[in-house]
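Data file: final-v4.pdb. Format and content: PDB, C-alpha atoms.
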```
ATOM      1  CA  MET A   1     121.470 139.925 112.545  1.00  0.00           C
ATOM      2  CA  LYS A   2     118.077 141.572 113.011  1.00  0.00           C
ATOM      3  CA  PHE A   3     116.688 143.759 110.229  1.00  0.00           C
ATOM      4  CA  PHE A   4     114.783 146.899 111.208  1.00  0.00           C
ATOM      5  CA  ILE A   5     113.392 149.386 108.716  1.00  0.00           C
ATOM      6  CA  ASP A   6     113.949 153.062 109.449  1.00  0.00           C
ATOM      7  CA  THR A   7     110.755 154.775 108.338  1.00  0.00           C
ATOM      8  CA  ALA A   8     107.276 155.866 109.375  1.00  0.00           C
ATOM      9  CA  ASN A   9     105.804 154.980 105.967  1.00  0.00           C
ATOM     10  CA  LEU A  10     103.230 152.240 106.497  1.00  0.00           C
ATOM     11  CA  GLU A  11     103.376 150.955 102.919  1.00  0.00           C
ATOM     12  CA  GLN A  12     107.143 150.515 103.063  1.00  0.00           C
ATOM     13  CA  ILE A  13     106.822 148.760 106.409  1.00  0.00           C
ATOM     14  CA  LYS A  14     104.209 146.412 104.923  1.00  0.00           C
ATOM     15  CA  GLU A  15     106.457 145.672 101.948  1.00  0.00           C
ATOM     16  CA  ALA A  16     109.419 144.890 104.208  1.00  0.00           C
ATOM     17  CA  GLN A  17     107.219 142.734 106.431  1.00  0.00           C
ATOM     18  CA  ALA A  18     105.974 140.815 103.388  1.00  0.00           C
ATOM     19  CA  LEU A  19     109.573 139.833 102.575  1.00  0.00           C
ATOM     20  CA  GLY A  20     109.567 137.765 105.749  1.00  0.00           C
ATOM     21  CA  VAL A  21     112.865 139.146 107.063  1.00  0.00           C
ATOM     22  CA  LEU A  22     111.719 142.175 109.072  1.00  0.00           C
ATOM     23  CA  ASP A  23     112.360 142.157 112.816  1.00  0.00           C
ATOM     24  CA  GLY A  24     111.288 145.670 113.805  1.00  0.00           C
ATOM     25  CA  VAL A  25     110.962 149.364 113.001  1.00  0.00           C
ATOM     26  CA  THR A  26     112.753 152.527 114.065  1.00  0.00           C
ATOM     27  CA  THR A  27     111.244 155.974 113.736  1.00  0.00           C
ATOM     28  CA  ASN A  28     112.062 159.519 114.786  1.00  0.00           C
ATOM     29  CA  PRO A  29     110.354 162.929 114.691  1.00  0.00           C
ATOM     30  CA  SER A  30     111.887 163.721 111.292  1.00  0.00           C
ATOM     31  CA  LEU A  31     110.497 160.522 109.756  1.00  0.00           C
ATOM     32  CA  MET A  32     107.062 161.232 111.216  1.00  0.00           C
ATOM     33  CA  ALA A  33     107.105 164.751 109.770  1.00  0.00           C
ATOM     34  CA  LYS A  34     108.178 163.376 106.391  1.00  0.00           C
ATOM     35  CA  GLU A  35     104.970 161.329 106.290  1.00  0.00           C
ATOM     36  CA  GLY A  36     102.877 164.331 107.323  1.00  0.00           C
ATOM     37  CA  ILE A  37     102.112 162.843 110.745  1.00  0.00           C
ATOM     38  CA  THR A  38     101.699 165.791 113.103  1.00  0.00           C
ATOM     39  CA  GLY A  39      99.951 166.370 116.410  1.00  0.00           C
ATOM     40  CA  LYS A  40     100.446 164.228 119.499  1.00  0.00           C
ATOM     41  CA  ASN A  41      97.342 162.062 119.097  1.00  0.00           C
ATOM     42  CA  ASN A  42      98.048 161.344 115.440  1.00  0.00           C
ATOM     43  CA  ILE A  43     101.654 160.420 116.208  1.00  0.00           C
ATOM     44  CA  LEU A  44     100.654 158.079 119.036  1.00  0.00           C
ATOM     45  CA  LYS A  45      98.049 156.412 116.811  1.00  0.00           C
ATOM     46  CA  HIS A  46     100.639 155.998 114.069  1.00  0.00           C
ATOM     47  CA  TYR A  47     102.942 154.131 116.442  1.00  0.00           C
ATOM     48  CA  VAL A  48     100.124 151.719 117.244  1.00  0.00           C
ATOM     49  CA  ASP A  49      99.401 151.279 113.526  1.00  0.00           C
ATOM     50  CA  ILE A  50     103.039 150.333 112.974  1.00  0.00           C
ATOM     51  CA  CYS A  51     102.895 147.815 115.823  1.00  0.00           C
ATOM     52  CA  THR A  52      99.935 146.070 114.186  1.00  0.00           C
ATOM     53  CA  ILE A  53     101.984 145.485 111.017  1.00  0.00           C
ATOM     54  CA  VAL A  54     105.205 144.078 112.498  1.00  0.00           C
ATOM     55  CA  ASP A  55     105.884 141.445 115.126  1.00  0.00           C
ATOM     56  CA  GLY A  56     109.033 142.945 116.636  1.00  0.00           C
ATOM     57  CA  ASP A  57     110.190 146.041 118.476  1.00  0.00           C
ATOM     58  CA  VAL A  58     109.130 149.516 117.361  1.00  0.00           C
ATOM     59  CA  SER A  59     111.281 152.435 118.531  1.00  0.00           C
ATOM     60  CA  ALA A  60     109.295 155.553 119.430  1.00  0.00           C
ATOM     61  CA  GLU A  61     111.310 158.659 120.272  1.00  0.00           C
ATOM     62  CA  VAL A  62     110.696 161.131 123.079  1.00  0.00           C
ATOM     63  CA  ILE A  63     110.721 164.831 122.233  1.00  0.00           C
ATOM     64  CA  ALA A  64     111.581 166.143 125.694  1.00  0.00           C
ATOM     65  CA  THR A  65     115.196 166.834 126.586  1.00  0.00           C
ATOM     66  CA  ASP A  66     114.724 167.243 130.339  1.00  0.00           C
ATOM     67  CA  TYR A  67     114.688 164.214 132.636  1.00  0.00           C
ATOM     68  CA  GLU A  68     111.144 164.616 133.944  1.00  0.00           C
ATOM     69  CA  GLY A  69     109.801 165.200 130.454  1.00  0.00           C
ATOM     70  CA  MET A  70     111.548 162.100 129.106  1.00  0.00           C
ATOM     71  CA  ILE A  71     110.086 159.985 131.889  1.00  0.00           C
ATOM     72  CA  LYS A  72     106.562 161.280 131.298  1.00  0.00           C
ATOM     73  CA  GLU A  73     106.718 160.848 127.532  1.00  0.00           C
ATOM     74  CA  GLY A  74     108.497 157.510 127.721  1.00  0.00           C
ATOM     75  CA  GLU A  75     105.971 155.986 130.080  1.00  0.00           C
ATOM     76  CA  GLU A  76     103.139 157.190 127.857  1.00  0.00           C
ATOM     77  CA  LEU A  77     104.792 155.672 124.802  1.00  0.00           C
ATOM     78  CA  ALA A  78     105.485 152.369 126.569  1.00  0.00           C
ATOM     79  CA  GLU A  79     101.827 152.090 127.533  1.00  0.00           C
ATOM     80  CA  LEU A  80     100.744 152.290 123.893  1.00  0.00           C
ATOM     81  CA  HIS A  81     101.808 148.761 122.995  1.00  0.00           C
ATOM     82  CA  GLU A  82     104.037 145.990 124.319  1.00  0.00           C
ATOM     83  CA  GLN A  83     106.266 146.261 121.229  1.00  0.00           C
ATOM     84  CA  ILE A  84     107.196 149.901 121.866  1.00  0.00           C
ATOM     85  CA  VAL A  85     110.829 150.666 122.679  1.00  0.00           C
ATOM     86  CA  VAL A  86     111.396 154.124 124.166  1.00  0.00           C
ATOM     87  CA  LYS A  87     114.000 155.962 122.107  1.00  0.00           C
ATOM     88  CA  ILE A  88     116.017 158.497 124.098  1.00  0.00           C
ATOM     89  CA  PRO A  89     118.965 160.734 123.176  1.00  0.00           C
ATOM     90  CA  MET A  90     122.541 160.183 124.299  1.00  0.00           C
ATOM     91  CA  THR A  91     122.649 163.002 126.834  1.00  0.00           C
ATOM     92  CA  GLN A  92     123.144 163.154 130.583  1.00  0.00           C
ATOM     93  CA  ASN A  93     119.385 163.304 131.116  1.00  0.00           C
ATOM     94  CA  GLY A  94     118.944 160.567 128.532  1.00  0.00           C
ATOM     95  CA  ILE A  95     121.260 158.200 130.388  1.00  0.00           C
ATOM     96  CA  LYS A  96     119.452 158.923 133.663  1.00  0.00           C
ATOM     97  CA  ALA A  97     116.146 158.191 131.942  1.00  0.00           C
ATOM     98  CA  CYS A  98     117.587 155.030 130.425  1.00  0.00           C
ATOM     99  CA  LYS A  99     118.470 153.744 133.878  1.00  0.00           C
ATOM    100  CA  TYR A 100     114.986 154.624 135.165  1.00  0.00           C
ATOM    101  CA  PHE A 101     113.277 152.759 132.323  1.00  0.00           C
ATOM    102  CA  SER A 102     115.649 149.802 132.625  1.00  0.00           C
ATOM    103  CA  ASP A 103     114.798 149.442 136.297  1.00  0.00           C
ATOM    104  CA  LYS A 104     111.098 149.512 135.352  1.00  0.00           C
ATOM    105  CA  GLY A 105     111.505 146.805 132.702  1.00  0.00           C
ATOM    106  CA  ILE A 106     110.797 149.223 129.846  1.00  0.00           C
ATOM    107  CA  LYS A 107     112.871 148.673 126.698  1.00  0.00           C
ATOM    108  CA  THR A 108     115.052 151.553 125.521  1.00  0.00           C
ATOM    109  CA  ASN A 109     116.999 152.600 122.448  1.00  0.00           C
ATOM    110  CA  VAL A 110     119.723 155.170 123.153  1.00  0.00           C
ATOM    111  CA  THR A 111     120.129 157.141 119.941  1.00  0.00           C
ATOM    112  CA  LEU A 112     122.572 159.607 118.371  1.00  0.00           C
ATOM    113  CA  VAL A 113     125.604 157.654 119.555  1.00  0.00           C
ATOM    114  CA  PHE A 114     128.895 158.652 117.933  1.00  0.00           C
ATOM    115  CA  SER A 115     131.585 157.256 120.254  1.00  0.00           C
ATOM    116  CA  ALA A 116     132.499 154.060 122.063  1.00  0.00           C
ATOM    117  CA  GLY A 117     132.423 155.946 125.360  1.00  0.00           C
ATOM    118  CA  GLN A 118     128.812 156.931 124.804  1.00  0.00           C
ATOM    119  CA  ALA A 119     127.933 153.332 123.974  1.00  0.00           C
ATOM    120  CA  LEU A 120     129.630 152.175 127.165  1.00  0.00           C
ATOM    121  CA  LEU A 121     127.539 154.568 129.261  1.00  0.00           C
ATOM    122  CA  ALA A 122     124.338 153.410 127.558  1.00  0.00           C
ATOM    123  CA  ALA A 123     125.152 149.770 128.294  1.00  0.00           C
ATOM    124  CA  LYS A 124     125.968 150.597 131.920  1.00  0.00           C
ATOM    125  CA  ALA A 125     122.561 152.267 132.199  1.00  0.00           C
ATOM    126  CA  GLY A 126     120.856 149.115 130.927  1.00  0.00           C
ATOM    127  CA  ALA A 127     119.902 150.174 127.404  1.00  0.00           C
ATOM    128  CA  THR A 128     118.186 147.493 125.337  1.00  0.00           C
ATOM    129  CA  TYR A 129     119.642 148.954 122.150  1.00  0.00           C
ATOM    130  CA  VAL A 130     122.360 151.478 121.394  1.00  0.00           C
ATOM    131  CA  SER A 131     122.239 153.252 118.026  1.00  0.00           C
ATOM    132  CA  PRO A 132     125.586 154.354 116.567  1.00  0.00           C
ATOM    133  CA  PHE A 133     124.960 156.491 113.465  1.00  0.00           C
ATOM    134  CA  ILE A 134     127.491 155.093 111.021  1.00  0.00           C
ATOM    135  CA  GLY A 135     126.325 156.996 107.942  1.00  0.00           C
ATOM    136  CA  ARG A 136     126.611 160.364 109.618  1.00  0.00           C
ATOM    137  CA  LEU A 137     130.154 159.527 110.727  1.00  0.00           C
ATOM    138  CA  ASP A 138     131.017 158.563 107.152  1.00  0.00           C
ATOM    139  CA  ASP A 139     129.650 161.946 106.056  1.00  0.00           C
ATOM    140  CA  ILE A 140     132.385 163.725 108.036  1.00  0.00           C
ATOM    141  CA  SER A 141     135.167 161.410 106.845  1.00  0.00           C
ATOM    142  CA  THR A 142     135.140 159.266 109.983  1.00  0.00           C
ATOM    143  CA  ASP A 143     134.908 155.477 109.806  1.00  0.00           C
ATOM    144  CA  GLY A 144     131.459 154.576 111.071  1.00  0.00           C
ATOM    145  CA  LEU A 145     132.134 150.854 110.796  1.00  0.00           C
ATOM    146  CA  ASN A 146     135.161 151.190 113.058  1.00  0.00           C
ATOM    147  CA  LEU A 147     132.845 152.505 115.766  1.00  0.00           C
ATOM    148  CA  ILE A 148     130.709 149.364 115.484  1.00  0.00           C
ATOM    149  CA  ASP A 149     133.880 147.290 115.814  1.00  0.00           C
ATOM    150  CA  GLU A 150     134.976 149.172 118.959  1.00  0.00           C
ATOM    151  CA  ILE A 151     131.565 148.846 120.607  1.00  0.00           C
ATOM    152  CA  ARG A 152     131.426 145.127 119.790  1.00  0.00           C
ATOM    153  CA  MET A 153     134.798 144.592 121.489  1.00  0.00           C
ATOM    154  CA  ILE A 154     133.774 146.499 124.620  1.00  0.00           C
ATOM    155  CA  TYR A 155     130.409 144.763 124.925  1.00  0.00           C
ATOM    156  CA  ASP A 156     132.002 141.347 124.442  1.00  0.00           C
ATOM    157  CA  ASN A 157     134.708 142.137 127.013  1.00  0.00           C
ATOM    158  CA  TYR A 158     132.130 142.681 129.731  1.00  0.00           C
ATOM    159  CA  ALA A 159     129.195 140.573 128.470  1.00  0.00           C
ATOM    160  CA  PHE A 160     126.873 143.564 128.171  1.00  0.00           C
ATOM    161  CA  GLU A 161     123.450 142.510 126.913  1.00  0.00           C
ATOM    162  CA  THR A 162     122.796 145.814 125.135  1.00  0.00           C
ATOM    163  CA  GLN A 163     122.303 145.194 121.417  1.00  0.00           C
ATOM    164  CA  ILE A 164     124.287 147.195 118.864  1.00  0.00           C
ATOM    165  CA  LEU A 165     121.781 148.705 116.454  1.00  0.00           C
ATOM    166  CA  ALA A 166     123.677 150.078 113.457  1.00  0.00           C
ATOM    167  CA  ALA A 167     121.743 153.186 112.426  1.00  0.00           C
ATOM    168  CA  SER A 168     122.010 155.732 109.636  1.00  0.00           C
ATOM    169  CA  VAL A 169     122.616 152.842 107.251  1.00  0.00           C
ATOM    170  CA  ARG A 170     122.817 154.295 103.759  1.00  0.00           C
ATOM    171  CA  HIS A 171     123.413 151.371 101.420  1.00  0.00           C
ATOM    172  CA  THR A 172     123.652 147.616 101.051  1.00  0.00           C
ATOM    173  CA  MET A 173     127.357 147.310 101.849  1.00  0.00           C
ATOM    174  CA  HIS A 174     126.783 149.030 105.166  1.00  0.00           C
ATOM    175  CA  ILE A 175     124.497 146.099 106.021  1.00  0.00           C
ATOM    176  CA  VAL A 176     126.958 143.440 104.854  1.00  0.00           C
ATOM    177  CA  ASN A 177     129.905 145.012 106.657  1.00  0.00           C
ATOM    178  CA  CYS A 178     127.925 145.489 109.871  1.00  0.00           C
ATOM    179  CA  ALA A 179     126.996 141.813 109.728  1.00  0.00           C
ATOM    180  CA  LYS A 180     130.671 140.888 109.304  1.00  0.00           C
ATOM    181  CA  ILE A 181     131.796 142.764 112.407  1.00  0.00           C
ATOM    182  CA  GLY A 182     128.950 141.650 114.628  1.00  0.00           C
ATOM    183  CA  ALA A 183     126.280 144.355 114.833  1.00  0.00           C
ATOM    184  CA  ASP A 184     123.210 142.779 116.420  1.00  0.00           C
ATOM    185  CA  VAL A 185     120.752 144.862 114.427  1.00  0.00           C
ATOM    186  CA  MET A 186     120.765 147.161 111.452  1.00  0.00           C
ATOM    187  CA  THR A 187     118.161 149.760 110.632  1.00  0.00           C
ATOM    188  CA  GLY A 188     117.949 151.361 107.238  1.00  0.00           C
ATOM    189  CA  PRO A 189     115.691 152.273 104.346  1.00  0.00           C
ATOM    190  CA  LEU A 190     113.772 149.702 102.330  1.00  0.00           C
ATOM    191  CA  SER A 191     116.096 150.348  99.374  1.00  0.00           C
ATOM    192  CA  SER A 192     119.099 149.075 101.339  1.00  0.00           C
ATOM    193  CA  ILE A 193     117.310 145.868 102.295  1.00  0.00           C
ATOM    194  CA  LEU A 194     116.089 145.240  98.759  1.00  0.00           C
ATOM    195  CA  GLY A 195     119.581 145.965  97.479  1.00  0.00           C
ATOM    196  CA  LEU A 196     120.749 142.708  99.069  1.00  0.00           C
ATOM    197  CA  LEU A 197     118.666 140.856  96.478  1.00  0.00           C
ATOM    198  CA  LYS A 198     120.557 142.258  93.532  1.00  0.00           C
ATOM    199  CA  HIS A 199     123.411 140.668  91.623  1.00  0.00           C
ATOM    200  CA  PRO A 200     123.973 140.765  87.848  1.00  0.00           C
ATOM    201  CA  LEU A 201     124.854 137.059  87.722  1.00  0.00           C
ATOM    202  CA  THR A 202     121.539 136.189  89.356  1.00  0.00           C
ATOM    203  CA  ASP A 203     119.704 138.240  86.740  1.00  0.00           C
ATOM    204  CA  SER A 204     121.642 136.805  83.815  1.00  0.00           C
ATOM    205  CA  GLY A 205     121.420 133.271  85.169  1.00  0.00           C
ATOM    206  CA  LEU A 206     117.666 133.471  85.546  1.00  0.00           C
ATOM    207  CA  GLU A 207     117.342 134.977  82.077  1.00  0.00           C
ATOM    208  CA  GLN A 208     119.338 132.057  80.647  1.00  0.00           C
ATOM    209  CA  PHE A 209     117.279 129.465  82.535  1.00  0.00           C
ATOM    210  CA  LEU A 210     114.043 130.943  81.217  1.00  0.00           C
ATOM    211  CA  ALA A 211     115.412 131.175  77.677  1.00  0.00           C
ATOM    212  CA  ASP A 212     116.512 127.528  77.733  1.00  0.00           C
ATOM    213  CA  TYR A 213     113.139 126.461  79.100  1.00  0.00           C
ATOM    214  CA  ALA A 214     111.342 128.370  76.364  1.00  0.00           C
ATOM    215  CA  LYS A 215     113.459 126.685  73.672  1.00  0.00           C
ATOM    216  CA  GLY A 216     112.705 123.243  75.043  1.00  0.00           C
ATOM    217  CA  ASN A 217     108.981 123.816  75.275  1.00  0.00           C
ATOM    218  CA  LYS A 218     108.148 125.245  71.844  1.00  0.00           C
TER     219      LYS A 218
END
```

Before anything else, please render the file you have as structure tokens.
Amino acid sequence: MKFFIDTANLEQIKEAQALGVLDGVTTNPSLMAKEGITGKNNILKHYVDICTIVDGDVSAEVIATDYEGMIKEGEELAELHEQIVVKIPMTQNGIKACKYFSDKGIKTNVTLVFSAGQALLAAKAGATYVSPFIGRLDDISTDGLNLIDEIRMIYDNYAFETQILAASVRHTMHIVNCAKIGADVMTGPLSSILGLLKHPLTDSGLEQFLADYAKGNK
């Protein structure tokens, strides 16, 4: 399973990269705004800055909702850096744009996916990644993990190459459960990734080892 971090914060990206397990980054307009990154030129520069930190794919989202606008923005984003993946919404225009970019060899991430049918359309259009938002489904008492399971079955049935990118990951068990059912990628906050390190028996075991060592070396 690939690990992406869902943020536009450069320090958090550097920390995740330093762990040695980071495979990429996802961003969106909300995450950019959270970091105070505004204005087209500043946003484009920030994407490049992210690409210099990580080795893998970096999703950069279009703002336009019309087909022509998505194409214009997407091509501009793709030209920024070879690691850029054009992130487009799961809409009719988004699927058309996905097909256009796929035919051009430009990587895409179809986002805001909430059903298996949407994921099927994205794969048919040649999406590199499809992003089901499992946390947001959980928020409305719907099983987000079940959606991952359904998409995995469909993609395996027809050997689609589109990667399932589990998004809106809220906590560590989301990551573990997505890994169990075959999500190709997860993207979440740094806290969720670091949470995988934690176990009380690890802490107590290490404490005991150190205590025993100290006793034997007085």

Subject >> Polymer residues at most 10 Å from (131.5, 149.7, 109.7) by all atoms listed in the file, as a PyMOL selection string >> reply: chain A and resi 134-135+137-138+143-150+166+169+173-183

**OP:** Would you write out, as a ChimeraX atom specification, every residue that the PyMOL selection byres ((chain A and resi 131) around 7) captures in this file?
**Re:** /A:109-113,129-130,132-133,164-167

**OP:** Give as a list of chain:residue names the residues that the PyMOL selection byres ((chain A and resi 105-108) around 9) matches when applied to the coordinates above.
**Re:** A:Ser59, A:Gly74, A:Glu75, A:Ala78, A:Gln83, A:Ile84, A:Val85, A:Val86, A:Lys87, A:Ile88, A:Cys98, A:Tyr100, A:Phe101, A:Ser102, A:Asp103, A:Lys104, A:Asn109, A:Val110, A:Gly126, A:Ala127, A:Thr128, A:Tyr129, A:Val130

Output C-alpha atoms for every residue in the selection just made, as a short mmCIF file (atom, residue, chain, number, x, y, z; two decimals), keeping the file's coordinate frame.
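Final output, saved to out-v3.cif:
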```cif
data_model
loop_
_atom_site.label_atom_id
_atom_site.label_comp_id
_atom_site.auth_asym_id
_atom_site.auth_seq_id
_atom_site.Cartn_x
_atom_site.Cartn_y
_atom_site.Cartn_z
CA SER A 59 111.28 152.44 118.53
CA GLY A 74 108.50 157.51 127.72
CA GLU A 75 105.97 155.99 130.08
CA ALA A 78 105.48 152.37 126.57
CA GLN A 83 106.27 146.26 121.23
CA ILE A 84 107.20 149.90 121.87
CA VAL A 85 110.83 150.67 122.68
CA VAL A 86 111.40 154.12 124.17
CA LYS A 87 114.00 155.96 122.11
CA ILE A 88 116.02 158.50 124.10
CA CYS A 98 117.59 155.03 130.43
CA TYR A 100 114.99 154.62 135.16
CA PHE A 101 113.28 152.76 132.32
CA SER A 102 115.65 149.80 132.62
CA ASP A 103 114.80 149.44 136.30
CA LYS A 104 111.10 149.51 135.35
CA ASN A 109 117.00 152.60 122.45
CA VAL A 110 119.72 155.17 123.15
CA GLY A 126 120.86 149.12 130.93
CA ALA A 127 119.90 150.17 127.40
CA THR A 128 118.19 147.49 125.34
CA TYR A 129 119.64 148.95 122.15
CA VAL A 130 122.36 151.48 121.39
#
```

Original post:
Can you tell me how far CA of Thr7 in chain A sits from CA of Glu76 in chain A, in Å to one decimal?
Top reply: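 Computed distance, CA of Thr7 in chain A to CA of Glu76 in chain A, equals 21.1 Å.
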
Subject >> Reference answer for the PyMOL selection byres ((chain A and resi 155) around 12), as JSON, numbers by chain >> reply: {"A": [116, 117, 119, 120, 121, 122, 123, 124, 129, 130, 148, 149, 150, 151, 152, 153, 154, 156, 157, 158, 159, 160, 161, 162, 163, 164, 182, 183, 184]}

**OP:** In Å, rounded to a single decimal, give me how far CA of Asp57 in chain A is from CA of Lys2 in chain A.
**Re:**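 These two atoms are separated by 10.6 Å.
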
**OP:** Calculate how many Å separate CA of Glu35 in chain A from CA of Val185 in chain A, rounding to one decimal.
**Re:**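 Atom-to-atom, CA of Glu35 in chain A and CA of Val185 in chain A are spaced 24.2 Å apart.
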
Subject >> For Lys14 in chain A, the nearest of the candidates A:Leu44, A:Leu190, A:Val62, A:Leu80, counting only C-alpha atoms >> reply: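 Between A:Leu44, A:Leu190, A:Val62, A:Leu80, the residue approaching Lys14 in chain A most closely is A:Leu190.
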
**OP:** With a distance cut-off of 10 Å and all atoms listed in the file, select the neighbouring residues of Thr65 in chain A, excluding the residue or stretch itself and same-chain residues fewer than 2 positions from it, and output the selection as a PyMOL selection string.
**Re:** chain A and resi 62-63+67-70+88-89+91-94

Subject >> Protein and nucleic acid residues near (114.3, 156.4, 115.3) (cut-off 7 Å, only C-alpha atoms) as a list in words >> reply: Asp6, Thr26, Thr27, Asn28, Ser59, Ala60, Glu61 and Lys87 of chain A

**OP:** Choose the residue, out of A:Met90, A:Leu77, A:Ala64, A:Leu197, that has the smallest atom-to-atom separation from Asn41 in chain A; count all atoms listed in the file.
**Re:**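 So, comparing all the options, the nearest one is A:Leu77.
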
Original post:
Between A:Met32, A:Leu206, A:Leu19, A:Ile5, which has the minimum distance to Val58 in chain A (counting all atoms listed in the file)?
Top reply: A:Ile5
